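Structure data follow from start.txt (compact mmCIF, C-alpha atoms):
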```txt
# COMPACT_ATOMS: atom_id res chain seq x y z
CA MET A 1 -2.46 30.41 -18.08
CA PRO A 2 -4.29 27.63 -19.93
CA LEU A 3 -2.40 24.37 -20.06
CA HIS A 4 -2.62 24.00 -23.83
CA ARG A 5 -0.42 27.09 -24.27
CA LEU A 6 2.39 25.00 -22.82
CA ALA A 7 2.71 23.38 -26.19
CA PHE A 8 3.97 26.62 -27.72
CA GLY A 9 7.31 28.07 -26.62
CA ALA A 10 8.47 29.21 -23.19
CA ARG A 11 7.48 25.81 -21.92
CA GLN A 12 10.29 25.51 -19.41
CA GLU A 13 9.71 28.96 -17.92
CA LEU A 14 5.98 28.40 -17.60
CA ALA A 15 6.36 25.03 -15.96
CA ARG A 16 8.26 26.71 -13.13
CA GLN A 17 5.21 28.74 -12.06
CA PRO A 18 3.59 27.17 -8.98
CA ARG A 19 0.06 27.15 -10.43
CA VAL A 20 1.21 25.56 -13.67
CA ALA A 21 3.38 23.01 -11.86
CA PHE A 22 0.44 22.14 -9.59
CA ALA A 23 -1.84 21.65 -12.61
CA LEU A 24 0.78 19.50 -14.30
CA GLY A 25 0.89 17.32 -11.20
CA VAL A 26 -2.89 16.92 -11.18
CA ARG A 27 -2.75 16.06 -14.86
CA ALA A 28 0.04 13.52 -14.37
CA VAL A 29 -1.87 11.64 -11.68
CA ALA A 30 -5.30 11.81 -13.37
CA PRO A 31 -5.10 8.37 -15.05
CA ALA A 32 -4.41 6.71 -11.69
CA LEU A 33 -7.27 8.41 -9.85
CA LEU A 34 -9.87 5.84 -10.90
CA ALA A 35 -7.86 3.13 -9.16
CA THR A 36 -7.48 5.37 -6.10
CA ALA A 37 -11.23 5.96 -6.09
CA ILE A 38 -12.15 2.28 -6.21
CA TRP A 39 -9.51 1.44 -3.63
CA GLY A 40 -11.00 4.19 -1.41
CA VAL A 41 -14.54 2.83 -1.68
CA VAL A 42 -13.28 -0.68 -0.89
CA ALA A 43 -11.40 0.57 2.18
CA GLY A 44 -14.44 2.52 3.38
CA VAL A 45 -16.80 -0.43 2.97
CA ALA A 46 -14.35 -2.88 4.58
CA MET A 47 -13.71 -0.70 7.65
CA VAL A 48 -17.41 -0.39 8.44
CA GLN A 49 -18.20 -4.03 7.60
CA ILE A 50 -15.53 -5.25 10.01
CA GLY A 51 -17.28 -3.42 12.82
CA LEU A 52 -15.79 0.06 13.00
CA SER A 53 -18.27 2.86 13.59
CA PRO A 54 -18.55 5.41 10.74
CA LEU A 55 -16.75 7.93 12.97
CA GLN A 56 -13.90 5.51 13.66
CA ALA A 57 -13.64 4.61 9.98
CA ALA A 58 -13.56 8.28 8.94
CA ALA A 59 -10.94 9.05 11.58
CA MET A 60 -8.82 6.15 10.40
CA SER A 61 -9.11 7.26 6.79
CA ILE A 62 -7.96 10.80 7.60
CA LEU A 63 -5.38 10.06 10.31
CA VAL A 64 -3.74 6.98 8.82
CA TYR A 65 -4.27 7.76 5.11
CA SER A 66 -2.62 4.54 3.94
CA GLY A 67 -4.90 2.05 2.21
CA SER A 68 -2.77 -1.03 2.66
CA ALA A 69 -2.10 -0.37 6.36
CA GLN A 70 -5.79 0.36 7.00
CA LEU A 71 -6.96 -2.80 5.26
CA ALA A 72 -4.25 -4.99 6.80
CA VAL A 73 -5.21 -3.95 10.30
CA LEU A 74 -8.84 -5.08 9.90
CA PRO A 75 -8.47 -8.90 9.87
CA LEU A 76 -6.05 -8.64 12.80
CA LEU A 77 -8.60 -6.65 14.78
CA THR A 78 -11.32 -9.26 14.23
CA ALA A 79 -8.89 -12.07 15.09
CA GLY A 80 -8.29 -10.40 18.45
CA ALA A 81 -4.56 -9.86 17.92
CA PRO A 82 -2.83 -7.75 20.59
CA VAL A 83 -2.37 -4.05 19.82
CA SER A 84 1.41 -4.44 19.68
CA ILE A 85 1.17 -7.04 16.90
CA VAL A 86 -1.33 -4.94 14.98
CA LEU A 87 0.94 -1.89 15.15
CA LEU A 88 4.01 -3.89 14.22
CA THR A 89 2.29 -5.42 11.18
CA ALA A 90 1.08 -2.03 9.95
CA THR A 91 4.59 -0.65 10.38
CA VAL A 92 6.20 -3.44 8.39
CA ILE A 93 3.68 -2.95 5.59
CA ASN A 94 4.46 0.78 5.72
CA LEU A 95 8.22 0.29 5.49
CA ARG A 96 8.02 1.27 1.83
CA LEU A 97 7.14 4.78 3.05
CA LEU A 98 10.64 4.89 4.53
CA ILE A 99 12.04 4.44 1.04
CA PHE A 100 9.71 7.12 -0.34
CA SER A 101 10.79 9.49 2.41
CA ALA A 102 14.46 8.86 1.66
CA GLY A 103 13.87 9.31 -2.07
CA LEU A 104 11.98 12.59 -1.72
CA GLN A 105 14.34 14.08 0.88
CA PRO A 106 16.77 15.72 -1.60
CA PHE A 107 13.86 17.58 -3.23
CA PHE A 108 12.31 18.96 -0.05
CA SER A 109 15.32 19.43 2.22
CA ARG A 110 15.32 23.23 1.82
CA LEU A 111 11.73 23.65 3.01
CA SER A 112 10.72 24.58 6.56
CA LEU A 113 9.97 21.80 9.03
CA TRP A 114 6.22 22.46 8.94
CA ARG A 115 6.09 22.22 5.16
CA ARG A 116 8.12 19.02 5.23
CA LEU A 117 5.69 17.56 7.80
CA LEU A 118 2.75 18.46 5.57
CA LEU A 119 4.42 16.92 2.51
CA ALA A 120 5.25 13.83 4.57
CA TYR A 121 1.61 13.37 5.59
CA ILE A 122 0.36 13.49 2.00
CA THR A 123 3.10 11.24 0.60
CA VAL A 124 1.62 8.26 -1.26
CA ASP A 125 3.12 5.71 -3.62
CA ILE A 126 2.05 7.48 -6.78
CA GLY A 127 3.36 10.89 -5.69
CA PHE A 128 6.76 9.41 -5.01
CA ALA A 129 6.78 7.40 -8.24
CA LEU A 130 5.76 10.23 -10.58
CA SER A 131 8.02 12.81 -8.94
CA LEU A 132 11.10 10.64 -9.05
CA GLN A 133 10.31 9.53 -12.55
CA ARG A 134 10.33 13.20 -13.56
CA TRP A 135 13.46 14.34 -11.73
CA ARG A 136 15.48 11.20 -11.35
CA ASP A 137 18.16 12.55 -13.68
CA ALA A 138 18.11 16.18 -12.49
CA PRO A 139 21.50 17.36 -11.21
CA ALA A 140 21.75 17.90 -7.46
CA SER A 141 21.89 21.69 -7.88
CA GLU A 142 18.44 21.73 -9.54
CA ARG A 143 16.74 19.64 -6.89
CA GLY A 144 14.22 21.25 -4.58
CA GLY A 145 12.88 23.87 -6.98
CA THR A 146 9.51 25.46 -6.26
CA ASP A 147 8.02 23.81 -9.34
CA GLN A 148 9.03 20.38 -8.07
CA VAL A 149 7.31 20.98 -4.74
CA TRP A 150 4.16 22.21 -6.48
CA PHE A 151 4.13 19.34 -8.94
CA PHE A 152 4.27 16.94 -5.98
CA LEU A 153 1.54 18.95 -4.24
CA GLY A 154 -0.69 18.71 -7.32
CA ILE A 155 -0.40 14.92 -7.40
CA SER A 156 -0.81 14.55 -3.66
CA ALA A 157 -3.73 16.96 -3.27
CA ALA A 158 -5.66 15.20 -6.04
CA CYS A 159 -5.00 11.81 -4.44
CA TRP A 160 -5.94 13.02 -0.95
CA ILE A 161 -9.23 14.55 -2.06
CA VAL A 162 -10.23 11.56 -4.20
CA TRP A 163 -9.21 9.09 -1.48
CA GLN A 164 -11.07 10.86 1.33
CA ALA A 165 -14.21 11.49 -0.76
CA THR A 166 -14.44 7.88 -1.96
CA SER A 167 -13.60 6.50 1.49
CA MET A 168 -16.48 8.49 2.96
CA ALA A 169 -18.74 7.18 0.18
CA GLY A 170 -17.60 3.65 1.01
CA ILE A 171 -18.24 4.20 4.72
CA LEU A 172 -21.80 5.37 4.01
CA LEU A 173 -22.32 2.48 1.60
CA GLY A 174 -20.86 -0.09 4.01
CA ALA A 175 -23.15 1.08 6.79
CA ARG A 176 -26.17 0.23 4.61
CA VAL A 177 -25.03 -3.24 3.53
CA PRO A 178 -25.79 -6.10 5.98
CA ALA A 179 -22.62 -7.44 7.61
CA ASP A 180 -23.43 -11.05 6.71
CA TRP A 181 -22.77 -10.39 3.02
CA GLY A 182 -19.13 -10.90 3.88
CA LEU A 183 -18.12 -7.79 1.96
CA GLU A 184 -15.09 -7.28 4.20
CA PHE A 185 -13.44 -10.03 2.17
CA ILE A 186 -13.15 -7.52 -0.67
CA ALA A 187 -10.41 -5.93 1.41
CA ILE A 188 -8.50 -9.22 1.28
CA ILE A 189 -9.01 -9.40 -2.49
CA ALA A 190 -7.74 -5.83 -2.89
CA LEU A 191 -4.65 -6.52 -0.79
CA LEU A 192 -4.08 -9.73 -2.71
CA ALA A 193 -4.10 -7.94 -6.07
CA MET A 194 -1.73 -5.36 -4.62
CA THR A 195 0.63 -8.06 -3.37
CA VAL A 196 0.80 -9.59 -6.85
CA THR A 197 1.96 -6.24 -8.27
CA MET A 198 4.73 -6.18 -5.68
CA VAL A 199 6.07 -9.56 -6.75
CA ASN A 200 8.03 -8.23 -9.71
CA ASN A 201 11.22 -10.25 -9.35
CA ARG A 202 12.31 -13.69 -8.28
CA PRO A 203 13.72 -12.91 -4.81
CA THR A 204 10.41 -11.29 -3.86
CA LEU A 205 8.55 -14.35 -5.17
CA VAL A 206 10.72 -16.63 -3.02
CA GLY A 207 10.19 -14.41 0.01
CA VAL A 208 6.43 -14.26 -0.51
CA LEU A 209 6.10 -18.03 -0.92
CA ILE A 210 8.15 -18.73 2.20
CA ALA A 211 6.15 -16.11 4.11
CA CYS A 212 2.88 -17.79 3.05
CA LEU A 213 4.13 -21.25 4.04
CA VAL A 214 5.38 -20.10 7.44
CA ALA A 215 2.27 -18.02 8.12
CA VAL A 216 -0.07 -20.94 7.45
CA THR A 217 2.04 -23.49 9.32
CA ALA A 218 2.61 -21.24 12.36
CA HIS A 219 -0.91 -19.84 12.31
CA GLY A 220 -1.68 -21.41 15.70
CA LEU A 221 1.04 -19.51 17.57
CA PRO A 222 -0.39 -17.16 20.21
CA TYR A 223 -0.54 -13.38 19.75
CA LYS A 224 -0.27 -13.75 15.96
CA LEU A 225 3.46 -14.33 16.39
CA GLY A 226 3.31 -16.62 13.37
CA LEU A 227 2.76 -13.52 11.28
CA LEU A 228 5.98 -11.90 12.48
CA LEU A 229 7.91 -15.15 12.10
CA ALA A 230 6.61 -15.42 8.53
CA VAL A 231 7.68 -11.85 7.66
CA VAL A 232 11.18 -12.31 9.08
CA LEU A 233 11.75 -15.70 7.43
CA GLY A 234 10.26 -14.39 4.16
CA MET A 235 12.67 -11.46 4.13
CA VAL A 236 15.62 -13.71 4.96
CA ALA A 237 14.59 -16.07 2.14
CA ALA A 238 14.31 -13.14 -0.30
CA LEU A 239 17.75 -11.83 0.64
CA ALA A 240 19.20 -15.31 0.31
CA ALA A 241 17.54 -15.70 -3.08
CA GLU A 242 19.05 -12.36 -4.11
CA LEU A 243 22.52 -13.81 -3.50
CA PHE A 244 21.79 -16.93 -5.50
CA LEU A 245 19.83 -15.23 -8.27
CA PRO A 246 22.17 -12.32 -9.11
CA THR A 247 20.32 -11.26 -12.25
CA ALA A 248 17.31 -10.21 -10.25
CA ALA A 249 19.16 -7.63 -8.14
CA ALA A 250 19.21 -5.00 -10.89
CA THR A 251 15.44 -4.98 -11.33
CA THR A 252 14.92 -4.72 -7.58
CA ALA A 253 16.63 -1.36 -7.40
CA VAL A 254 14.22 0.39 -9.75
CA SER A 255 11.00 -1.36 -8.83
CA ILE A 256 8.30 0.58 -7.06
CA ASP A 257 5.83 -1.38 -5.01
CA ALA A 258 2.74 0.59 -5.83
CA PRO A 259 -0.36 -0.55 -7.65
CA ASN A 260 -1.04 2.98 -8.82
CA ALA A 261 2.54 3.50 -9.87
CA THR A 262 2.73 0.33 -11.91
CA LYS A 263 -0.60 1.21 -13.41
CA SER A 264 0.39 4.66 -14.53
CA THR A 265 3.86 3.77 -15.75
CA ASN A 266 2.68 0.78 -17.75
CA PRO A 267 0.46 1.93 -20.61
CA ALA A 268 -0.38 -1.65 -21.53
CA GLN A 269 -2.62 -1.81 -18.49
CA ARG A 270 -5.04 0.84 -19.48
CA MET B 271 -13.45 -5.55 19.73
CA SER B 272 -13.85 -2.72 22.24
CA ASP B 273 -13.97 0.95 21.38
CA LEU B 274 -10.80 1.59 23.35
CA LEU B 275 -8.94 -1.09 21.38
CA VAL B 276 -10.14 0.28 18.04
CA TRP B 277 -9.22 3.87 18.92
CA SER B 278 -5.81 2.91 20.24
CA VAL B 279 -5.13 0.99 17.02
CA ILE B 280 -6.31 3.94 14.89
CA VAL B 281 -4.16 6.46 16.77
CA GLY B 282 -1.21 4.08 17.01
CA VAL B 283 -1.19 3.15 13.33
CA ALA B 284 -1.69 6.83 12.41
CA LEU B 285 1.31 7.95 14.49
CA LEU B 286 3.55 5.15 13.22
CA THR B 287 2.54 5.76 9.61
CA PHE B 288 3.20 9.48 9.97
CA ALA B 289 6.53 8.82 11.66
CA THR B 290 7.56 6.53 8.78
CA ARG B 291 6.58 9.15 6.23
CA CYS B 292 8.45 11.87 8.16
CA SER B 293 11.58 9.83 8.84
CA PHE B 294 13.98 10.97 6.15
CA LEU B 295 12.14 14.16 5.25
CA VAL B 296 12.80 15.42 8.79
CA PHE B 297 16.09 13.78 9.75
CA GLY B 298 17.46 13.17 6.27
CA ASP B 299 20.44 15.46 6.67
CA ARG B 300 21.75 13.45 9.58
CA PHE B 301 21.73 9.89 8.30
CA ILE B 302 21.46 8.05 5.02
CA LEU B 303 19.89 4.75 4.11
CA PRO B 304 22.42 2.40 2.48
CA GLU B 305 21.39 0.99 -0.90
CA ARG B 306 21.56 -2.56 0.46
CA VAL B 307 19.23 -1.74 3.36
CA GLN B 308 16.83 -0.07 0.92
CA ARG B 309 16.72 -3.25 -1.15
CA ALA B 310 16.13 -5.38 1.94
CA LEU B 311 13.31 -3.07 3.01
CA ARG B 312 11.59 -3.51 -0.33
CA TYR B 313 10.93 -7.16 0.49
CA ALA B 314 9.26 -6.43 3.82
CA PRO B 315 5.85 -5.13 2.68
CA ALA B 316 5.26 -7.96 0.18
CA CYS B 317 6.26 -10.58 2.76
CA ALA B 318 4.07 -8.97 5.42
CA LEU B 319 1.05 -8.84 3.12
CA ALA B 320 1.57 -12.44 2.02
CA ALA B 321 1.92 -13.60 5.62
CA LEU B 322 -1.25 -11.73 6.53
CA LEU B 323 -3.30 -12.93 3.57
CA ALA B 324 -2.39 -16.63 3.36
CA PRO B 325 -4.12 -17.64 6.63
CA GLU B 326 -7.05 -15.31 5.91
CA VAL B 327 -7.69 -17.07 2.62
CA LEU B 328 -7.02 -20.62 3.81
CA ALA B 329 -8.24 -20.53 7.42
CA PRO B 330 -11.34 -18.43 7.91
CA THR B 331 -12.22 -20.21 11.16
CA SER B 332 -10.33 -20.10 14.46
CA ALA B 333 -6.73 -21.24 14.58
CA PRO B 334 -5.83 -24.86 15.41
CA SER B 335 -3.34 -25.62 18.19
CA LEU B 336 0.34 -25.80 17.38
CA SER B 337 1.29 -29.51 17.67
CA ALA B 338 2.65 -31.21 14.55
CA PRO B 339 -0.42 -33.41 13.87
CA ALA B 340 -2.53 -30.27 14.11
CA ALA B 341 -0.45 -28.65 11.39
CA ILE B 342 -1.02 -31.68 9.17
CA THR B 343 -4.74 -31.66 9.90
CA PHE B 344 -4.70 -28.02 9.04
CA TYR B 345 -3.21 -28.64 5.60
CA SER B 346 -5.63 -31.46 4.80
CA SER B 347 -8.61 -29.42 5.91
CA ALA B 348 -7.34 -26.55 3.79
CA LEU B 349 -7.21 -28.97 0.88
CA ALA B 350 -10.74 -30.12 1.60
CA THR B 351 -12.09 -26.60 1.61
CA LEU B 352 -10.37 -25.94 -1.72
CA LEU B 353 -13.24 -27.69 -3.48
CA GLY B 354 -16.03 -25.87 -1.77
CA HIS B 355 -14.57 -22.69 -0.43
CA SER B 356 -15.37 -19.39 -2.06
CA LYS B 357 -12.46 -17.54 -0.44
CA ILE B 358 -9.78 -19.75 -1.95
CA LEU B 359 -11.39 -19.75 -5.38
CA ALA B 360 -11.83 -15.98 -5.22
CA ALA B 361 -8.15 -15.62 -4.32
CA VAL B 362 -7.12 -17.86 -7.22
CA ALA B 363 -9.29 -15.82 -9.60
CA THR B 364 -7.77 -12.57 -8.31
CA ILE B 365 -4.17 -13.76 -8.68
CA ALA B 366 -4.80 -15.34 -12.10
CA THR B 367 -6.50 -12.20 -13.46
CA MET B 368 -3.77 -10.00 -12.03
CA LEU B 369 -1.06 -12.09 -13.68
CA ALA B 370 -2.94 -12.23 -16.98
CA THR B 371 -4.05 -8.60 -17.29
CA ARG B 372 -1.72 -6.71 -14.90
CA ASN B 373 -4.76 -4.63 -14.05
CA MET B 374 -5.74 -4.12 -10.40
CA LEU B 375 -9.34 -3.26 -11.23
CA HIS B 376 -9.90 -6.35 -13.36
CA ALA B 377 -8.30 -8.54 -10.70
CA MET B 378 -10.40 -7.10 -7.88
CA LEU B 379 -13.54 -7.35 -9.99
CA SER B 380 -13.00 -11.01 -10.92
CA GLY B 381 -12.14 -11.97 -7.34
CA THR B 382 -15.19 -10.18 -6.00
CA LEU B 383 -17.49 -11.71 -8.64
CA VAL B 384 -16.24 -15.23 -7.89
CA PHE B 385 -16.59 -14.66 -4.15
CA ILE B 386 -20.10 -13.21 -4.32
CA GLY B 387 -21.15 -15.64 -7.07
CA LEU B 388 -20.15 -18.72 -5.06
CA ARG B 389 -21.85 -17.41 -1.94
CA TRP B 390 -25.11 -17.00 -3.80
CA LEU B 391 -25.02 -20.47 -5.33
```
Spit out the file's structure as structure tokens when you get a sec.
Amino acid sequence: MPLHRLAFGARQELARQPRVAFALGVRAVAPALLATAIWGVVAGVAMVQIGLSPLQAAAMSILVYSGSAQLAVLPLLTAGAPVSIVLLTATVINLRLLIFSAGLQPFFSRLSLWRRLLLAYITVDIGFALSLQRWRDAPASERGGTDQVWFFLGISAACWIVWQATSMAGILLGARVPADWGLEFIAIIALLAMTVTMVNNRPTLVGVLIACLVAVTAHGLPYKLGLLLAVVLGMVAALAAELFLPTAAATTAVSIDAPNATKSTNPAQR
Amino acid sequence: MSDLLVWSVIVGVALLTFATRCSFLVFGDRFILPERVQRALRYAPACALAALLAPEVLAPTSAPSLSAPAAITFYSSALATLLGHSKILAAVATIATMLATRNMLHAMLSGTLVFIGLRWL
């Protein structure tokens, strides 16, 4: 059924068909795919430039499938941080996935374990954001419909394919560029831009500033412990700021820390 | 950076990331995440990224020792590099563009151009 027919009658019924719901998901995520593509190339180039073999970089891209965690791990690897610190840092950066998982749970709770595991693996910021944006107000009885699962699958499949294809392109590109160009710094720039999108209220700003200050001051601590200290003190500062800046709490609850999500939900950006 | 280290990091990060993604989708019926905890968790990624990035931008060389004078030296040397260091200027360009345009691509492009441009000068 061609998508343009959706404009004429029977729209609700049609949208419940898996194929149509899948296509609607692909369509919904399409504007954000350019950002995903560039982010993928950057991650691919950065992984190889930092010294990973193309095989290791490809494995990381497929197994981890989380741009921010992948890129964050790289400077720690070159700095010789212990594995435990590297894993802990990646986990903290991935804590937002915990929120995504909790948010999506009502929609997928009726599916079999294997399907839930598959959906968990392909969960990315934009899939969570677009799905919840669409069904936030749906009554509990209507949650978990087949169309909702297929809509999510459409978004996620498009993201996965674009991410993996562009990562592989980046890996091939990175292997051809001499390491002394310093291209791995592009990963830092990408993470920096992403961090700015996350700072969308004052408590977060306070937390981020404190985290920066502590991280730089305690940079000499062994085993990169300064990093952990900075994260903990930054979070404490943000929570404290939340108490003293009560107006900011309301915006925190609806914010989504995703570059793609903010991009797609804010038309002024495009 | 040995192969064993890299592979253990890849597998470890992959397992932890997958476990985080699975968490509530698999065990969601058995426990719930309080709203307050959810809000607290939202601060963690931004703080972690900031803590990771600040030293990368300011201190590209090896870390100084921890004594108080060293920390002061560290700040003054960071200030000194501000004038001639492409990483700091690239970071400033990235943040400024991001704040001005709210566009990730523009921000990454400006940061990259400043970084590469200063290196070629």
Exercise. Got a sec: who's within 9 Å of Tyr65 in chain A, counting only C-alpha atoms, leaving out chain neighbours fewer than 2 positions off, as a ChimeraX atom specification?
Worked result: /A:60-63,67,69-70,121-122,124,160,163-164 /B:284,287
Exercise. When you draw a straight line from CA of Gly144 in chain A to CA of Val296 in chain B, how long is it in Å?
Worked result: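 About the pair CA of Gly144 in chain A and CA of Val296 in chain B: they are 14.7 Å apart.
CA of Ser141 in chain A lies 18.8 Å from CA of Ile302 in chain B.
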For this session: Please provide the set of residues having any atom within 7 Å of range 154-156 of chain A, restricted to all atoms listed in the file, with same-chain residues fewer than 4 positions apart removed, written as a ChimeraX atom specification.
Result: /A:22-23,25-26,29,122-123,127,150,160
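Remark: for Trp114 in chain A, the closest of the candidate residues B:Leu369, B:Leu274, B:Cys292, B:Val279 is B:Cys292 (distances computed over all atoms listed in the file).
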For this session: Would you mind reading off the distance between CA of Gln56 in chain A and CA of Pro75 in chain A, one decimal, in Å?
Result: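 Going from CA of Gln56 in chain A over to CA of Pro75 in chain A covers 15.9 Å.
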For this session: Counting all atoms listed in the file, collect the residues of chain B whose closest atom lies at most 7 Å from chain A, and write them out as number ranges by chain.
Result: B: 271, 279-280, 282-284, 286-288, 290-296, 298, 308-325, 333-336, 341, 361, 364-365, 368, 372-375, 377-378, 381-382
Counting only C-alpha atoms, what is within 8 Å of range 165-173 of chain A, bar same-chain residues fewer than 4 positions away, as a compact mmCIF listing (two decimals) with C-alpha atoms, in the frame of the given file?
```
# COMPACT_ATOMS: atom_id res chain seq x y z
CA ALA A 37 -11.23 5.96 -6.09
CA ILE A 38 -12.15 2.28 -6.21
CA GLY A 40 -11.00 4.19 -1.41
CA VAL A 41 -14.54 2.83 -1.68
CA VAL A 42 -13.28 -0.68 -0.89
CA ALA A 43 -11.40 0.57 2.18
CA GLY A 44 -14.44 2.52 3.38
CA VAL A 45 -16.80 -0.43 2.97
CA MET A 47 -13.71 -0.70 7.65
CA VAL A 48 -17.41 -0.39 8.44
CA PRO A 54 -18.55 5.41 10.74
CA ALA A 57 -13.64 4.61 9.98
CA ALA A 58 -13.56 8.28 8.94
CA SER A 61 -9.11 7.26 6.79
CA ILE A 161 -9.23 14.55 -2.06
CA VAL A 177 -25.03 -3.24 3.53
```
Problem set entry | Neighbour list for Ala360 in chain B as a PyMOL selection string, cut-off 9 Å, all atoms listed in the file, skip fewer than 6 positions in-chain | (chain A and resi 189) or (chain B and resi 327+380-386+388)
Put the listed atoms of range 374-386 of chain B in a box along x, y and z with 3 Å added on every side and give me the centre and edge lengths in Å to one decimal, as AutoDock Vina command-line options.
```
--center_x -12.9 --center_y -9.2 --center_z -8.8 --size_x 20.4 --size_y 18.0 --size_z 15.2
```
Exercise. So which one's closest to His355 in chain B, B:Leu285, B:Val276, B:Leu379, B:Leu328? Using only C-alpha atoms, please.
Worked result: B:Leu328
Exercise. Between B:Ser278, B:Ser356, B:Ser272, B:Thr371, which is the closest to Gly387 in chain B once you count all atoms listed in the file?
Worked result: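 Ranking B:Ser278, B:Ser356, B:Ser272, B:Thr371 by distance to Gly387 in chain B, first place goes to B:Ser356.
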